[in-house]
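Novice: Contents of query-v6.txt (compact mmCIF, C-alpha atoms) are below:
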# COMPACT_ATOMS: atom_id res chain seq x y z
CA MET A 511 -10.05 1.85 -19.54
CA HIS A 512 -13.36 0.04 -19.13
CA ASN A 513 -13.44 -3.66 -18.33
CA LYS A 514 -16.42 -5.51 -19.79
CA TRP A 515 -16.41 -7.89 -16.83
CA TYR A 516 -16.32 -5.16 -14.18
CA TRP A 517 -20.06 -4.59 -13.98
CA LEU A 518 -20.75 -8.34 -14.09
CA TYR A 519 -18.44 -8.73 -11.08
CA LYS A 520 -20.02 -5.78 -9.28
CA TYR A 521 -23.70 -6.52 -9.82
CA VAL A 522 -23.87 -10.27 -10.46
CA LEU A 523 -20.86 -12.21 -9.14
CA LEU A 524 -19.44 -10.87 -5.88
CA GLY A 525 -21.43 -7.69 -5.38
CA PRO A 526 -24.80 -9.05 -4.17
CA ILE A 527 -23.14 -11.51 -1.79
CA ALA A 528 -20.67 -8.96 -0.40
CA ARG A 529 -23.41 -6.39 0.18
CA VAL A 530 -25.25 -8.85 2.40
CA TRP A 531 -22.12 -10.28 4.01
CA SER A 532 -20.27 -6.99 4.66
CA ARG A 533 -23.19 -4.52 4.75
CA PRO A 534 -20.89 -1.74 3.48
CA LYS A 535 -21.60 1.79 4.66
CA TYR A 536 -20.68 4.58 2.25
CA VAL A 537 -20.00 8.06 3.62
CA GLY A 538 -18.96 11.17 1.66
CA GLY A 539 -19.77 9.79 -1.77
CA GLU A 540 -20.44 13.32 -3.00
CA ASN A 541 -16.66 13.89 -2.88
CA VAL A 542 -16.04 11.40 -5.70
CA PRO A 543 -15.83 13.34 -9.01
CA MET A 544 -18.67 12.15 -11.23
CA GLU A 545 -16.53 12.61 -14.33
CA GLY A 546 -12.90 13.17 -15.23
CA PRO A 547 -9.72 11.63 -13.82
CA ALA A 548 -8.79 11.42 -10.14
CA ILE A 549 -6.51 9.53 -7.79
CA MET A 550 -8.35 7.61 -5.08
CA ALA A 551 -5.75 7.37 -2.29
CA SER A 552 -6.75 4.78 0.30
CA ASN A 553 -5.40 3.23 3.45
CA HIS A 554 -4.77 -0.49 3.07
CA GLN A 555 -5.85 -3.15 5.57
CA SER A 556 -6.57 -6.17 3.39
CA VAL A 557 -6.94 -7.52 -0.14
CA TYR A 558 -10.66 -6.95 0.36
CA ASP A 559 -10.12 -3.17 0.14
CA SER A 560 -9.83 -3.44 -3.65
CA PHE A 561 -13.17 -5.25 -3.82
CA ALA A 562 -15.18 -3.48 -1.09
CA PHE A 563 -14.62 0.06 -2.41
CA PRO A 564 -15.71 -0.68 -6.01
CA LEU A 565 -18.93 -2.19 -4.65
CA VAL A 566 -20.10 1.18 -3.31
CA CYS A 567 -18.40 3.61 -5.70
CA PRO A 568 -20.66 4.65 -8.61
CA ARG A 569 -17.70 4.83 -11.01
CA GLN A 570 -15.28 2.15 -12.13
CA ILE A 571 -11.91 2.21 -10.36
CA VAL A 572 -8.64 0.78 -11.62
CA PHE A 573 -6.24 -0.47 -8.95
CA PRO A 574 -2.62 -1.53 -9.48
CA ALA A 575 -2.02 -4.94 -7.91
CA LYS A 576 1.09 -7.02 -7.39
CA SER A 577 1.93 -9.07 -10.44
CA GLU A 578 1.82 -12.36 -8.52
CA TYR A 579 -1.97 -12.24 -8.67
CA PHE A 580 -1.81 -12.48 -12.47
CA THR A 581 1.00 -14.96 -13.08
CA LYS A 582 0.16 -18.13 -11.13
CA PRO A 583 0.04 -21.28 -13.30
CA GLY A 584 -2.82 -23.68 -13.94
CA LEU A 585 -6.58 -23.32 -13.95
CA LYS A 586 -6.54 -21.70 -10.52
CA GLY A 587 -4.07 -19.12 -11.80
CA LEU A 588 -6.21 -18.39 -14.85
CA PHE A 589 -9.28 -17.94 -12.70
CA GLN A 590 -7.42 -15.67 -10.28
CA LYS A 591 -6.12 -13.55 -13.17
CA TRP A 592 -9.64 -13.21 -14.59
CA PHE A 593 -11.13 -12.45 -11.17
CA PHE A 594 -8.67 -9.67 -10.33
CA SER A 595 -8.94 -8.25 -13.85
CA SER A 596 -12.73 -8.22 -13.66
CA ALA A 597 -12.48 -6.22 -10.43
CA GLY A 598 -10.60 -3.50 -12.33
CA GLN A 599 -7.08 -4.40 -11.21
CA ILE A 600 -3.95 -4.30 -13.38
CA PRO A 601 -0.55 -5.91 -12.65
CA ILE A 602 2.41 -3.87 -11.45
CA TYR A 603 5.83 -5.49 -11.08
CA ARG A 604 6.68 -3.86 -7.77
CA GLN A 605 10.08 -5.50 -7.29
CA SER A 606 11.56 -4.20 -10.54
CA GLU A 607 13.77 -1.11 -10.73
CA SER A 608 11.20 0.50 -13.02
CA ALA A 609 8.25 -0.06 -10.66
CA GLY A 610 7.82 3.69 -10.19
CA ASP A 611 7.74 4.27 -13.94
CA ALA A 612 5.28 1.39 -14.35
CA LEU A 613 2.97 2.96 -11.78
CA THR A 614 3.09 6.34 -13.53
CA GLU A 615 2.52 4.74 -16.92
CA ALA A 616 -0.48 2.76 -15.66
CA ALA A 617 -1.99 5.84 -14.01
CA THR A 618 -1.45 7.97 -17.14
CA LYS A 619 -3.40 5.49 -19.26
CA VAL A 620 -6.30 5.61 -16.80
CA PHE A 621 -6.25 9.41 -16.70
CA GLU A 622 -6.22 9.66 -20.49
CA ASP A 623 -9.44 7.67 -20.44
CA GLY A 624 -10.89 10.04 -17.82
CA GLY A 625 -10.89 7.30 -15.18
CA LEU A 626 -10.32 6.84 -11.47
CA PHE A 627 -6.99 5.37 -10.38
CA GLY A 628 -6.94 3.72 -6.97
CA ILE A 629 -3.68 3.63 -5.05
CA TYR A 630 -2.48 2.57 -1.61
CA PRO A 631 0.27 5.01 -0.55
CA GLU A 632 1.33 2.70 2.32
CA GLY A 633 2.55 0.29 -0.35
CA THR A 634 1.43 -2.81 1.51
CA ARG A 635 -1.29 -3.91 3.90
CA ALA A 636 -0.97 -2.42 7.37
CA PRO A 637 -0.34 -4.95 10.17
CA ASP A 638 -3.03 -3.36 12.36
CA GLU A 639 -5.73 -0.70 12.34
CA ARG A 640 -3.43 2.29 12.01
CA ILE A 641 -2.26 4.54 9.18
CA TYR A 642 1.39 4.06 8.24
CA LYS A 643 3.90 6.33 6.52
CA GLY A 644 3.18 6.66 2.81
CA ARG A 645 5.50 5.99 -0.11
CA THR A 646 6.01 8.97 -2.39
CA GLY A 647 4.93 7.25 -5.63
CA MET A 648 1.44 8.61 -5.20
CA ALA A 649 2.78 12.16 -4.87
CA ARG A 650 4.92 11.80 -7.99
CA VAL A 651 1.92 10.68 -10.01
CA ALA A 652 -0.23 13.45 -8.52
CA MET A 653 2.20 16.29 -9.16
CA ALA A 654 2.94 15.12 -12.70
CA SER A 655 -0.71 14.74 -13.67
CA ASP A 656 -2.28 17.41 -11.42
CA VAL A 657 -5.48 15.38 -11.09
CA PRO A 658 -7.37 15.61 -7.77
CA VAL A 659 -6.32 13.28 -4.97
CA VAL A 660 -9.37 11.97 -3.11
CA PRO A 661 -8.69 10.38 0.33
CA VAL A 662 -10.51 7.06 0.86
CA GLY A 663 -10.80 5.65 4.37
CA MET A 664 -11.43 1.91 4.66
CA LEU A 665 -12.68 0.72 8.04
CA ASN A 666 -12.94 -2.85 9.35
CA THR A 667 -11.76 -4.52 6.13
CA GLY A 668 -8.82 -5.90 8.10
CA LYS A 669 -11.27 -7.62 10.41
CA ALA A 670 -13.37 -8.87 7.50
CA ASN A 671 -10.33 -10.27 5.68
CA PRO A 672 -7.28 -10.50 8.00
CA ILE A 673 -3.86 -11.00 6.42
CA GLY A 674 -3.39 -14.69 5.68
CA THR A 675 -7.09 -15.49 5.28
CA THR A 676 -9.07 -16.15 2.10
CA LEU A 677 -12.70 -16.26 3.14
CA ILE A 678 -14.45 -12.99 3.97
CA ARG A 679 -15.83 -12.81 7.49
CA PRO A 680 -19.29 -11.30 8.21
CA VAL A 681 -18.01 -7.95 9.47
CA LYS A 682 -19.66 -4.63 8.61
CA VAL A 683 -17.22 -2.46 6.67
CA GLU A 684 -17.30 1.27 6.02
CA VAL A 685 -15.91 3.42 3.22
CA ARG A 686 -15.37 7.13 3.95
CA ILE A 687 -14.52 9.60 1.19
CA GLY A 688 -12.72 12.85 2.00
CA LYS A 689 -12.64 16.12 0.10
CA PRO A 690 -10.45 16.24 -3.04
CA ILE A 691 -6.95 17.70 -2.71
CA HIS A 692 -5.51 19.52 -5.73
CA PRO A 693 -1.80 18.61 -5.64
CA ARG A 694 -0.07 21.42 -7.50
CA GLU A 695 -2.33 24.02 -5.90
CA TRP A 696 -1.51 22.53 -2.48
CA ALA A 697 2.21 22.68 -3.29
CA LYS A 698 2.14 26.36 -4.25
CA GLU A 699 0.00 27.30 -1.25
CA ASN A 700 2.52 25.62 1.05
CA GLY A 701 5.62 27.16 -0.54
CA TYR A 702 6.79 24.23 -2.66
CA ASP A 703 7.71 23.96 -6.31
CA PRO A 704 5.29 21.31 -7.69
CA ASP A 705 8.04 20.09 -10.02
CA SER A 706 10.65 19.65 -7.29
CA ARG A 707 11.59 16.49 -5.40
CA GLU A 708 11.22 18.38 -2.13
CA VAL A 709 7.42 18.50 -2.38
CA MET A 710 6.93 14.73 -2.57
CA ARG A 711 7.44 13.83 1.10
CA PRO A 712 5.38 16.66 2.66
CA PHE A 713 2.51 16.10 0.23
CA THR A 714 2.54 12.37 0.93
CA ASP A 715 2.54 13.05 4.68
CA TYR A 716 -0.35 15.48 4.27
CA VAL A 717 -2.46 12.85 2.50
CA MET A 718 -1.62 10.20 5.10
CA HIS A 719 -2.63 12.48 7.94
CA ALA A 720 -5.84 13.25 6.05
CA LEU A 721 -6.50 9.50 5.97
CA SER A 722 -5.80 9.28 9.70
CA GLU A 723 -8.28 12.05 10.39
CA LEU A 724 -10.84 10.53 8.03
CA THR A 725 -10.70 7.05 9.56
CA GLY A 726 -9.95 7.94 13.15
CA TYR A 727 -7.00 5.51 13.02
CA PRO A 728 -3.73 6.70 14.63
CA TYR A 729 -0.82 7.65 12.36
CA VAL A 730 2.49 5.80 12.63
CA ASP A 731 5.64 7.50 11.32
CA ALA A 732 7.14 4.25 10.00
CA TYR A 733 6.70 2.18 6.87
CA ALA A 734 4.25 -0.70 7.24
CA SER A 735 6.65 -2.97 5.34
CA ASP A 736 9.40 -2.40 7.92
CA VAL A 737 7.05 -3.08 10.83
CA LYS A 738 5.75 -6.25 9.18
CA LYS A 739 9.30 -7.53 8.61
CA SER A 740 10.11 -7.00 12.26
CA LEU A 741 6.94 -8.79 13.36
CA GLU A 742 7.51 -11.68 10.95
CA ALA A 743 11.07 -12.06 12.28
CA GLY A 744 9.69 -12.41 15.79
CA LYS A 745 11.26 -9.15 16.94
CA GLY A 746 7.97 -7.46 17.75
CA TYR A 747 7.13 -3.87 16.92
CA PRO A 748 10.13 -1.60 16.33
CA ALA A 749 10.72 0.98 19.06
CA GLY A 750 8.29 3.86 18.79
CA THR A 751 5.73 1.98 16.70
CA GLU A 752 4.07 -0.10 19.41
CA PRO A 753 0.24 0.08 19.43
CA ASP A 754 -1.37 1.95 22.30
CA LEU A 755 -3.28 -0.90 23.90
CA LYS A 756 -5.23 1.59 26.05
CA ALA A 757 -6.66 3.36 22.98
Could you render the structure from this file as structure tokens?
Specialist:
Amino acid sequence: MHNKWYWLYKYVLLGPIARVWSRPKYVGGENVPMEGPAIMASNHQSVYDSFAFPLVCPRQIVFPAKSEYFTKPGLKGLFQKWFFSSAGQIPIYRQSESAGDALTEAATKVFEDGGLFGIYPEGTRAPDERIYKGRTGMARVAMASDVPVVPVGMLNTGKANPIGTTLIRPVKVEVRIGKPIHPREWAKENGYDPDSREVMRPFTDYVMHALSELTGYPYVDAYASDVKKSLEAGKGYPAGTEPDLKA
């Protein structure tokens, strides 16, 4: 699944500017498979994550993105659709009942082409610099396909592009790549049937804790979406999820 605009975006349009503006640091690049399919499982701080990682990764990455980025009307909508498509992103209708099937179908197409499929297990952008509980969609795709899951730690992208902002701020970002995890092998080693529903939550939790260790960000045992809803409603952080201001 190669996009003819991807390399134009990376090396001509946004890439040169972003490299100067964000000065991205790339650590652990040797852990990215140089060929064959893999799941790149990343923490999610901002929209910029889906642009900053492709700038430093030597291979093209396909990210699922919310369908709203591809369906806005007018010239602005057409440009936005082209821009997100050129960055290797494909629309996923996350609110539909078949969103899980759509994710699996999209990933399968990428794997059949021997490509890298980027995914954010948190399901939405985190409200702060912490790692939140992951959704199990990533685990379902991983166990069904048995392609390696490579943890990707994004640092400072939330500061470079805070939620609600459009322009990228001149903040140095860092991308850290962890060692690949082989899902079905992990399941068997830890006493789970790779084809069972029971393996999905523990495998997801394992990947999220790997991301916490990789980034140095604390882990929060709550969904980011629930915390964001509470904050947006003016209720503050739910009990047990408050940031440690002394950290």
Novice: Scan for residues within 9 Å of the point (1.3, 17.0, -13.4) in the coordinates of the file, using only C-alpha atoms, and reply as a CSV table (one decimal) with C-alpha atoms, in the coordinates of the input.
Specialist:
chain,number,residue,atom,x,y,z
A,650,ARG,CA,4.9,11.8,-8.0
A,651,VAL,CA,1.9,10.7,-10.0
A,652,ALA,CA,-0.2,13.4,-8.5
A,653,MET,CA,2.2,16.3,-9.2
A,654,ALA,CA,2.9,15.1,-12.7
A,655,SER,CA,-0.7,14.7,-13.7
A,656,ASP,CA,-2.3,17.4,-11.4
A,657,VAL,CA,-5.5,15.4,-11.1
A,693,PRO,CA,-1.8,18.6,-5.6
A,694,ARG,CA,-0.1,21.4,-7.5
A,704,PRO,CA,5.3,21.3,-7.7
A,705,ASP,CA,8.0,20.1,-10.0
Novice: Taking 5 positions as the minimum chain separation for residues in the same chain, which residues sit within 7 Å of Ile629 of chain A when counting only C-alpha atoms? Answer as a PyMOL selection string.
Specialist: chain A and resi 550-552+573-574
Novice: Limited to C-alpha atoms, could you put the picked residues into a file as a PDB file, in the coordinates of the input?
Specialist:
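New file part06.pdb:
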ATOM      1  CA  MET A 550      -8.350   7.610  -5.080  1.00  0.00           C
ATOM      2  CA  ALA A 551      -5.750   7.370  -2.290  1.00  0.00           C
ATOM      3  CA  SER A 552      -6.750   4.780   0.300  1.00  0.00           C
ATOM      4  CA  PHE A 573      -6.240  -0.470  -8.950  1.00  0.00           C
ATOM      5  CA  PRO A 574      -2.620  -1.530  -9.480  1.00  0.00           C
TER       6      PRO A 574
END
Novice: If I take atom CA of Lys689 of chain A and atom CA of Pro568 of chain A, how far is one from the other in Å, to one decimal?
Specialist: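 Calculated distance between atom CA of Lys689 of chain A and atom CA of Pro568 of chain A is 16.5 Å.
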Novice: Name the residues, using the chain letters and numbers of the file, that sit within 8 Å of (-18.8, 5.2, -2.2) when counting all atoms listed in the file, and give them as a VMD selection string.
Specialist: chain A and resid 536 to 539 542 563 to 568 685 to 687
Novice: Here is a test: counting all atoms listed in the file, which residue of A:Met648, A:Ser740, A:Pro728, A:Ser722 is nearest to Asp754 of chain A?
Specialist: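 Going through A:Met648, A:Ser740, A:Pro728, A:Ser722 one by one, the smallest distance to Asp754 of chain A is for A:Pro728.
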